[in-house]
Structures are given as C-alpha cells and as structure tokens.
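Undergrad: Provided herewith is a single structure, encoded as structure tokens, for subsequent inquiry.
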Amino acid sequence: MDIAATIVRLLDARTPEASICPSDVARALADDETAWRALMPRVRDEASDLARDGRIVITRGERQLEPDDLGRGPIRLRRGRAFPAR
C-alpha cells in the first residue's frame, strides 16, 4: 500500500487546480469503512511529508497549512510547486 503514490495518482487524475480530501485517498486503498477510517492518520502523515517536499499543498478553506501544524478538522490536498509532471 503506497499512500503517497495514491495521493499523487488521485491529484494527477484531476485538473491542476482541483483538490482531494484525505478520505478519498483512504477509500481508494480500503473498501471497508472501518479500514479506511483507520488509515486516515497515516494518510494525513503522508500528506504532510509530501507537503514538506513541496509536491502538494494542504489547505483548510482558503488558508494553506503548515505540514507540521495541521491540527484537527477537515483539510484538502492540492498540487504543490514540485508536483510531479506527467
């Protein structure tokens, strides 16, 4: 299970300005609700790693979040300046 690759794949399948929810990633990796919900902390951790590398940006509303300070609450994942080119 490669969470980071799934994040990149899902973002790559959308328009450059689109975003995804971390639950989209978890659901792509596990069909069962209990299983995908259990993946959510790992998805957020992987998203933080990708954001530190500049490959994605993590937002809440219109505000960009620091990868080490996501806090609680809903977030969105978007392409960053270093997002892999097709």
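Numbering starts fresh at 1 for the residues of each chain in the structure tokens, the chains themselves are lettered A, B, ... in the order given, and ligands are numbered from 1 as they appear.
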DSSP on the backbone: what in chain A comes out helix (DSSP H, G or I), as a PyMOL selection string?
TA: chain A and resi 3-12+22-29+33-52
Undergrad: Could you save the residues just selected, with N, CA, C and O atoms, as a short mmCIF file (atom, residue, chain, number, x, y, z; two decimals), in the first residue's frame?
TA:
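Saved to part.cif:
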data_model
loop_
_atom_site.label_atom_id
_atom_site.label_comp_id
_atom_site.auth_asym_id
_atom_site.auth_seq_id
_atom_site.Cartn_x
_atom_site.Cartn_y
_atom_site.Cartn_z
N ILE A 3 0.60 4.99 0.08
CA ILE A 3 -0.31 6.12 0.31
C ILE A 3 0.13 7.34 -0.49
O ILE A 3 -0.68 7.99 -1.14
N ALA A 4 1.43 7.64 -0.47
CA ALA A 4 1.92 8.82 -1.20
C ALA A 4 1.64 8.70 -2.69
O ALA A 4 1.19 9.66 -3.32
N ALA A 5 1.87 7.53 -3.25
CA ALA A 5 1.61 7.33 -4.68
C ALA A 5 0.12 7.47 -4.98
O ALA A 5 -0.25 8.00 -6.04
N THR A 6 -0.73 7.05 -4.08
CA THR A 6 -2.18 7.19 -4.28
C THR A 6 -2.59 8.65 -4.24
O THR A 6 -3.42 9.08 -5.05
N ILE A 7 -2.02 9.42 -3.34
CA ILE A 7 -2.30 10.86 -3.30
C ILE A 7 -1.94 11.50 -4.64
O ILE A 7 -2.74 12.22 -5.24
N VAL A 8 -0.73 11.21 -5.12
CA VAL A 8 -0.26 11.79 -6.39
C VAL A 8 -1.15 11.32 -7.54
O VAL A 8 -1.56 12.12 -8.39
N ARG A 9 -1.49 10.03 -7.56
CA ARG A 9 -2.32 9.49 -8.65
C ARG A 9 -3.70 10.16 -8.68
O ARG A 9 -4.20 10.55 -9.75
N LEU A 10 -4.32 10.32 -7.52
CA LEU A 10 -5.65 10.94 -7.48
C LEU A 10 -5.60 12.41 -7.88
O LEU A 10 -6.49 12.89 -8.59
N LEU A 11 -4.57 13.12 -7.45
CA LEU A 11 -4.44 14.53 -7.86
C LEU A 11 -4.14 14.64 -9.35
O LEU A 11 -4.64 15.54 -10.02
N ASP A 12 -3.33 13.73 -9.86
CA ASP A 12 -2.98 13.75 -11.27
C ASP A 12 -4.20 13.50 -12.16
O ASP A 12 -4.26 13.99 -13.29
N PRO A 22 -8.48 13.85 2.09
CA PRO A 22 -7.72 12.69 2.53
C PRO A 22 -8.56 11.41 2.56
O PRO A 22 -8.05 10.32 2.32
N SER A 23 -9.86 11.54 2.82
CA SER A 23 -10.71 10.35 2.83
C SER A 23 -10.84 9.73 1.44
O SER A 23 -11.03 8.52 1.31
N ASP A 24 -10.67 10.54 0.37
CA ASP A 24 -10.66 9.98 -0.99
C ASP A 24 -9.51 9.00 -1.13
O ASP A 24 -9.63 7.96 -1.76
N VAL A 25 -8.38 9.36 -0.55
CA VAL A 25 -7.18 8.52 -0.60
C VAL A 25 -7.42 7.24 0.20
O VAL A 25 -7.17 6.13 -0.29
N ALA A 26 -7.91 7.38 1.42
CA ALA A 26 -8.15 6.22 2.27
C ALA A 26 -9.17 5.27 1.63
O ALA A 26 -8.98 4.05 1.64
N ARG A 27 -10.20 5.83 1.03
CA ARG A 27 -11.23 5.00 0.38
C ARG A 27 -10.69 4.29 -0.85
O ARG A 27 -11.14 3.20 -1.20
N ALA A 28 -9.73 4.90 -1.53
CA ALA A 28 -9.12 4.25 -2.69
C ALA A 28 -8.26 3.06 -2.27
O ALA A 28 -8.01 2.16 -3.08
N LEU A 29 -7.84 3.05 -1.02
CA LEU A 29 -6.96 1.99 -0.54
C LEU A 29 -7.69 0.90 0.26
O LEU A 29 -7.15 -0.18 0.45
N GLU A 33 -15.43 0.58 5.54
CA GLU A 33 -15.41 1.86 6.25
C GLU A 33 -14.48 1.84 7.46
O GLU A 33 -13.73 2.80 7.69
N THR A 34 -14.51 0.78 8.21
CA THR A 34 -13.63 0.68 9.38
C THR A 34 -12.17 0.74 8.95
O THR A 34 -11.35 1.43 9.57
N ALA A 35 -11.84 0.06 7.86
CA ALA A 35 -10.45 0.02 7.37
C ALA A 35 -10.01 1.38 6.86
O ALA A 35 -8.90 1.84 7.17
N TRP A 36 -10.85 2.06 6.06
CA TRP A 36 -10.39 3.34 5.52
C TRP A 36 -10.32 4.39 6.61
O TRP A 36 -9.42 5.25 6.60
N ARG A 37 -11.21 4.34 7.57
CA ARG A 37 -11.14 5.30 8.67
C ARG A 37 -9.86 5.09 9.49
O ARG A 37 -9.24 6.05 9.94
N ALA A 38 -9.46 3.84 9.65
CA ALA A 38 -8.22 3.54 10.37
C ALA A 38 -6.98 4.06 9.63
O ALA A 38 -5.95 4.35 10.24
N LEU A 39 -7.08 4.20 8.32
CA LEU A 39 -5.97 4.71 7.51
C LEU A 39 -5.80 6.22 7.58
O LEU A 39 -4.75 6.75 7.21
N MET A 40 -6.81 6.93 8.02
CA MET A 40 -6.79 8.39 7.96
C MET A 40 -5.57 9.03 8.62
O MET A 40 -4.96 9.94 8.03
N PRO A 41 -5.13 8.63 9.81
CA PRO A 41 -3.93 9.25 10.38
C PRO A 41 -2.68 9.04 9.50
O PRO A 41 -1.88 9.96 9.33
N ARG A 42 -2.56 7.86 8.90
CA ARG A 42 -1.42 7.60 8.02
C ARG A 42 -1.50 8.45 6.75
O ARG A 42 -0.48 8.94 6.25
N VAL A 43 -2.71 8.63 6.23
CA VAL A 43 -2.88 9.47 5.04
C VAL A 43 -2.47 10.91 5.36
O VAL A 43 -1.73 11.55 4.59
N ARG A 44 -2.89 11.43 6.50
CA ARG A 44 -2.52 12.79 6.89
C ARG A 44 -1.00 12.91 7.09
O ARG A 44 -0.40 13.92 6.70
N ASP A 45 -0.38 11.88 7.66
CA ASP A 45 1.07 11.89 7.84
C ASP A 45 1.80 11.90 6.49
O ASP A 45 2.76 12.65 6.30
N GLU A 46 1.34 11.07 5.58
CA GLU A 46 1.96 11.03 4.24
C GLU A 46 1.74 12.35 3.51
O GLU A 46 2.63 12.84 2.80
N ALA A 47 0.57 12.94 3.66
CA ALA A 47 0.30 14.24 3.04
C ALA A 47 1.25 15.29 3.60
O ALA A 47 1.78 16.12 2.84
N SER A 48 1.51 15.25 4.89
CA SER A 48 2.45 16.19 5.49
C SER A 48 3.84 16.01 4.89
O SER A 48 4.53 16.99 4.60
N ASP A 49 4.27 14.77 4.71
CA ASP A 49 5.58 14.51 4.10
C ASP A 49 5.64 15.07 2.69
O ASP A 49 6.63 15.71 2.30
N LEU A 50 4.59 14.85 1.90
CA LEU A 50 4.57 15.38 0.53
C LEU A 50 4.55 16.90 0.53
O LEU A 50 5.17 17.54 -0.34
N ALA A 51 3.87 17.51 1.49
CA ALA A 51 3.83 18.97 1.59
C ALA A 51 5.19 19.53 1.97
O ALA A 51 5.60 20.58 1.47
N ARG A 52 5.92 18.84 2.85
CA ARG A 52 7.27 19.30 3.21
C ARG A 52 8.18 19.32 1.98
O ARG A 52 9.06 20.17 1.88
#
Undergrad: DSSP says strand (DSSP E or B) for which residues of chain A? Put them as a PDB file with all heavy atoms, in the first residue's frame?
TA:
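That gives us out_39.pdb:
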ATOM      1  N   SER A  19      -8.785  19.810  -5.909  1.00  0.00           N
ATOM      2  CA  SER A  19      -8.251  19.263  -4.663  1.00  0.00           C
ATOM      3  C   SER A  19      -8.928  17.933  -4.363  1.00  0.00           C
ATOM      4  O   SER A  19      -9.940  17.590  -4.973  1.00  0.00           O
ATOM      5  CB  SER A  19      -8.486  20.242  -3.512  1.00  0.00           C
ATOM      6  OG  SER A  19      -9.862  20.366  -3.232  1.00  0.00           O
ATOM      7  N   ILE A  20      -8.352  17.213  -3.420  1.00  0.00           N
ATOM      8  CA  ILE A  20      -8.946  15.966  -2.951  1.00  0.00           C
ATOM      9  C   ILE A  20      -9.007  16.000  -1.434  1.00  0.00           C
ATOM     10  O   ILE A  20      -8.264  16.731  -0.779  1.00  0.00           O
ATOM     11  CB  ILE A  20      -8.175  14.714  -3.426  1.00  0.00           C
ATOM     12  CG1 ILE A  20      -6.733  14.725  -2.911  1.00  0.00           C
ATOM     13  CG2 ILE A  20      -8.242  14.580  -4.930  1.00  0.00           C
ATOM     14  CD1 ILE A  20      -5.964  13.443  -3.179  1.00  0.00           C
ATOM     15  N   ILE A  56       2.793  18.682  -2.689  1.00  0.00           N
ATOM     16  CA  ILE A  56       1.392  19.053  -2.521  1.00  0.00           C
ATOM     17  C   ILE A  56       1.302  20.231  -1.555  1.00  0.00           C
ATOM     18  O   ILE A  56       2.285  20.581  -0.888  1.00  0.00           O
ATOM     19  CB  ILE A  56       0.508  17.891  -2.020  1.00  0.00           C
ATOM     20  CG1 ILE A  56       0.829  17.534  -0.570  1.00  0.00           C
ATOM     21  CG2 ILE A  56       0.596  16.683  -2.944  1.00  0.00           C
ATOM     22  CD1 ILE A  56      -0.210  16.639   0.084  1.00  0.00           C
ATOM     23  N   VAL A  57       0.132  20.806  -1.491  1.00  0.00           N
ATOM     24  CA  VAL A  57      -0.199  21.872  -0.545  1.00  0.00           C
ATOM     25  C   VAL A  57      -1.415  21.384   0.230  1.00  0.00           C
ATOM     26  O   VAL A  57      -2.329  20.784  -0.342  1.00  0.00           O
ATOM     27  CB  VAL A  57      -0.531  23.175  -1.299  1.00  0.00           C
ATOM     28  CG1 VAL A  57      -1.071  24.234  -0.368  1.00  0.00           C
ATOM     29  CG2 VAL A  57       0.697  23.682  -2.047  1.00  0.00           C
ATOM     30  N   ILE A  58      -1.423  21.626   1.524  1.00  0.00           N
ATOM     31  CA  ILE A  58      -2.544  21.245   2.368  1.00  0.00           C
ATOM     32  C   ILE A  58      -3.279  22.519   2.764  1.00  0.00           C
ATOM     33  O   ILE A  58      -2.655  23.476   3.230  1.00  0.00           O
ATOM     34  CB  ILE A  58      -2.063  20.482   3.616  1.00  0.00           C
ATOM     35  CG1 ILE A  58      -1.253  19.255   3.206  1.00  0.00           C
ATOM     36  CG2 ILE A  58      -3.257  20.097   4.492  1.00  0.00           C
ATOM     37  CD1 ILE A  58      -0.566  18.545   4.354  1.00  0.00           C
ATOM     38  N   THR A  59      -4.585  22.510   2.557  1.00  0.00           N
ATOM     39  CA  THR A  59      -5.373  23.705   2.850  1.00  0.00           C
ATOM     40  C   THR A  59      -6.551  23.385   3.759  1.00  0.00           C
ATOM     41  O   THR A  59      -7.010  22.245   3.829  1.00  0.00           O
ATOM     42  CB  THR A  59      -5.906  24.358   1.557  1.00  0.00           C
ATOM     43  OG1 THR A  59      -6.752  23.433   0.880  1.00  0.00           O
ATOM     44  CG2 THR A  59      -4.784  24.797   0.645  1.00  0.00           C
ATOM     45  N   ARG A  60      -7.006  24.422   4.414  1.00  0.00           N
ATOM     46  CA  ARG A  60      -8.280  24.398   5.153  1.00  0.00           C
ATOM     47  C   ARG A  60      -8.975  25.677   4.717  1.00  0.00           C
ATOM     48  O   ARG A  60      -8.520  26.777   5.009  1.00  0.00           O
ATOM     49  CB  ARG A  60      -8.053  24.365   6.656  1.00  0.00           C
ATOM     50  CG  ARG A  60      -9.367  24.362   7.441  1.00  0.00           C
ATOM     51  CD  ARG A  60      -9.180  24.125   8.930  1.00  0.00           C
ATOM     52  NE  ARG A  60      -8.700  22.771   9.175  1.00  0.00           N
ATOM     53  CZ  ARG A  60      -7.579  22.471   9.848  1.00  0.00           C
ATOM     54  NH1 ARG A  60      -6.830  23.420  10.361  1.00  0.00           N
ATOM     55  NH2 ARG A  60      -7.218  21.211  10.019  1.00  0.00           N
ATOM     56  N   ARG A  63      -6.969  28.869   3.327  1.00  0.00           N
ATOM     57  CA  ARG A  63      -5.699  29.038   4.032  1.00  0.00           C
ATOM     58  C   ARG A  63      -4.794  27.824   3.845  1.00  0.00           C
ATOM     59  O   ARG A  63      -5.204  26.684   4.029  1.00  0.00           O
ATOM     60  CB  ARG A  63      -5.971  29.237   5.512  1.00  0.00           C
ATOM     61  CG  ARG A  63      -4.788  29.693   6.313  1.00  0.00           C
ATOM     62  CD  ARG A  63      -5.194  29.885   7.732  1.00  0.00           C
ATOM     63  NE  ARG A  63      -5.569  28.580   8.261  1.00  0.00           N
ATOM     64  CZ  ARG A  63      -5.355  28.175   9.485  1.00  0.00           C
ATOM     65  NH1 ARG A  63      -4.846  28.972  10.359  1.00  0.00           N
ATOM     66  NH2 ARG A  63      -5.700  26.964   9.869  1.00  0.00           N
ATOM     67  N   GLN A  64      -3.545  28.069   3.465  1.00  0.00           N
ATOM     68  CA  GLN A  64      -2.555  26.999   3.361  1.00  0.00           C
ATOM     69  C   GLN A  64      -2.024  26.688   4.755  1.00  0.00           C
ATOM     70  O   GLN A  64      -1.697  27.589   5.523  1.00  0.00           O
ATOM     71  CB  GLN A  64      -1.410  27.415   2.444  1.00  0.00           C
ATOM     72  CG  GLN A  64      -0.389  26.311   2.253  1.00  0.00           C
ATOM     73  CD  GLN A  64       0.653  26.668   1.216  1.00  0.00           C
ATOM     74  OE1 GLN A  64       0.379  27.437   0.294  1.00  0.00           O
ATOM     75  NE2 GLN A  64       1.831  26.120   1.358  1.00  0.00           N
ATOM     76  N   ARG A  76      -7.836  19.771   2.795  1.00  0.00           N
ATOM     77  CA  ARG A  76      -7.851  19.407   1.384  1.00  0.00           C
ATOM     78  C   ARG A  76      -6.416  19.318   0.905  1.00  0.00           C
ATOM     79  O   ARG A  76      -5.534  20.010   1.421  1.00  0.00           O
ATOM     80  CB  ARG A  76      -8.597  20.453   0.545  1.00  0.00           C
ATOM     81  CG  ARG A  76     -10.053  20.679   0.917  1.00  0.00           C
ATOM     82  CD  ARG A  76     -10.950  19.529   0.629  1.00  0.00           C
ATOM     83  NE  ARG A  76     -11.082  19.286  -0.810  1.00  0.00           N
ATOM     84  CZ  ARG A  76     -11.842  18.320  -1.329  1.00  0.00           C
ATOM     85  NH1 ARG A  76     -12.513  17.507  -0.544  1.00  0.00           N
ATOM     86  NH2 ARG A  76     -11.916  18.155  -2.625  1.00  0.00           N
ATOM     87  N   LEU A  77      -6.185  18.473  -0.092  1.00  0.00           N
ATOM     88  CA  LEU A  77      -4.865  18.287  -0.678  1.00  0.00           C
ATOM     89  C   LEU A  77      -4.889  18.803  -2.113  1.00  0.00           C
ATOM     90  O   LEU A  77      -5.797  18.483  -2.877  1.00  0.00           O
ATOM     91  CB  LEU A  77      -4.484  16.802  -0.652  1.00  0.00           C
ATOM     92  CG  LEU A  77      -4.692  16.067   0.680  1.00  0.00           C
ATOM     93  CD1 LEU A  77      -4.322  14.599   0.541  1.00  0.00           C
ATOM     94  CD2 LEU A  77      -3.911  16.730   1.795  1.00  0.00           C
ATOM     95  N   ARG A  78      -3.889  19.605  -2.447  1.00  0.00           N
ATOM     96  CA  ARG A  78      -3.791  20.203  -3.785  1.00  0.00           C
ATOM     97  C   ARG A  78      -2.381  20.016  -4.323  1.00  0.00           C
ATOM     98  O   ARG A  78      -1.453  19.782  -3.565  1.00  0.00           O
ATOM     99  CB  ARG A  78      -4.072  21.705  -3.721  1.00  0.00           C
ATOM    100  CG  ARG A  78      -5.421  22.047  -3.155  1.00  0.00           C
ATOM    101  CD  ARG A  78      -5.605  23.573  -3.040  1.00  0.00           C
ATOM    102  NE  ARG A  78      -6.853  23.880  -2.381  1.00  0.00           N
ATOM    103  CZ  ARG A  78      -8.036  23.882  -2.973  1.00  0.00           C
ATOM    104  NH1 ARG A  78      -8.135  23.599  -4.244  1.00  0.00           N
ATOM    105  NH2 ARG A  78      -9.128  24.167  -2.294  1.00  0.00           N
ATOM    106  N   ARG A  79      -2.222  20.182  -5.618  1.00  0.00           N
ATOM    107  CA  ARG A  79      -0.891  20.106  -6.218  1.00  0.00           C
ATOM    108  C   ARG A  79      -0.019  21.245  -5.689  1.00  0.00           C
ATOM    109  O   ARG A  79      -0.476  22.376  -5.561  1.00  0.00           O
ATOM    110  CB  ARG A  79      -0.969  20.229  -7.739  1.00  0.00           C
ATOM    111  CG  ARG A  79      -1.658  19.085  -8.393  1.00  0.00           C
ATOM    112  CD  ARG A  79      -1.669  19.283  -9.887  1.00  0.00           C
ATOM    113  NE  ARG A  79      -2.480  18.261 -10.522  1.00  0.00           N
ATOM    114  CZ  ARG A  79      -2.419  17.994 -11.814  1.00  0.00           C
ATOM    115  NH1 ARG A  79      -1.631  18.693 -12.618  1.00  0.00           N
ATOM    116  NH2 ARG A  79      -3.178  17.041 -12.326  1.00  0.00           N
TER     117      ARG A  79
END
Undergrad: For CA of Ala18 in chain A and CA of Arg55 in chain A, determine how far apart the two atoms are, in Å to one decimal place.
TA: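 Between these atoms lies a distance of 14.3 Å.
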Undergrad: So how far away is CA of Asp2 in chain A from CA of Asp32 in chain A, in Å?
TA: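 These two atoms are separated by 17.6 Å.
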Undergrad: Between CA of Gly80 in chain A and CA of Arg14 in chain A, what is the spacing in Å?
TA: 13.6 Å
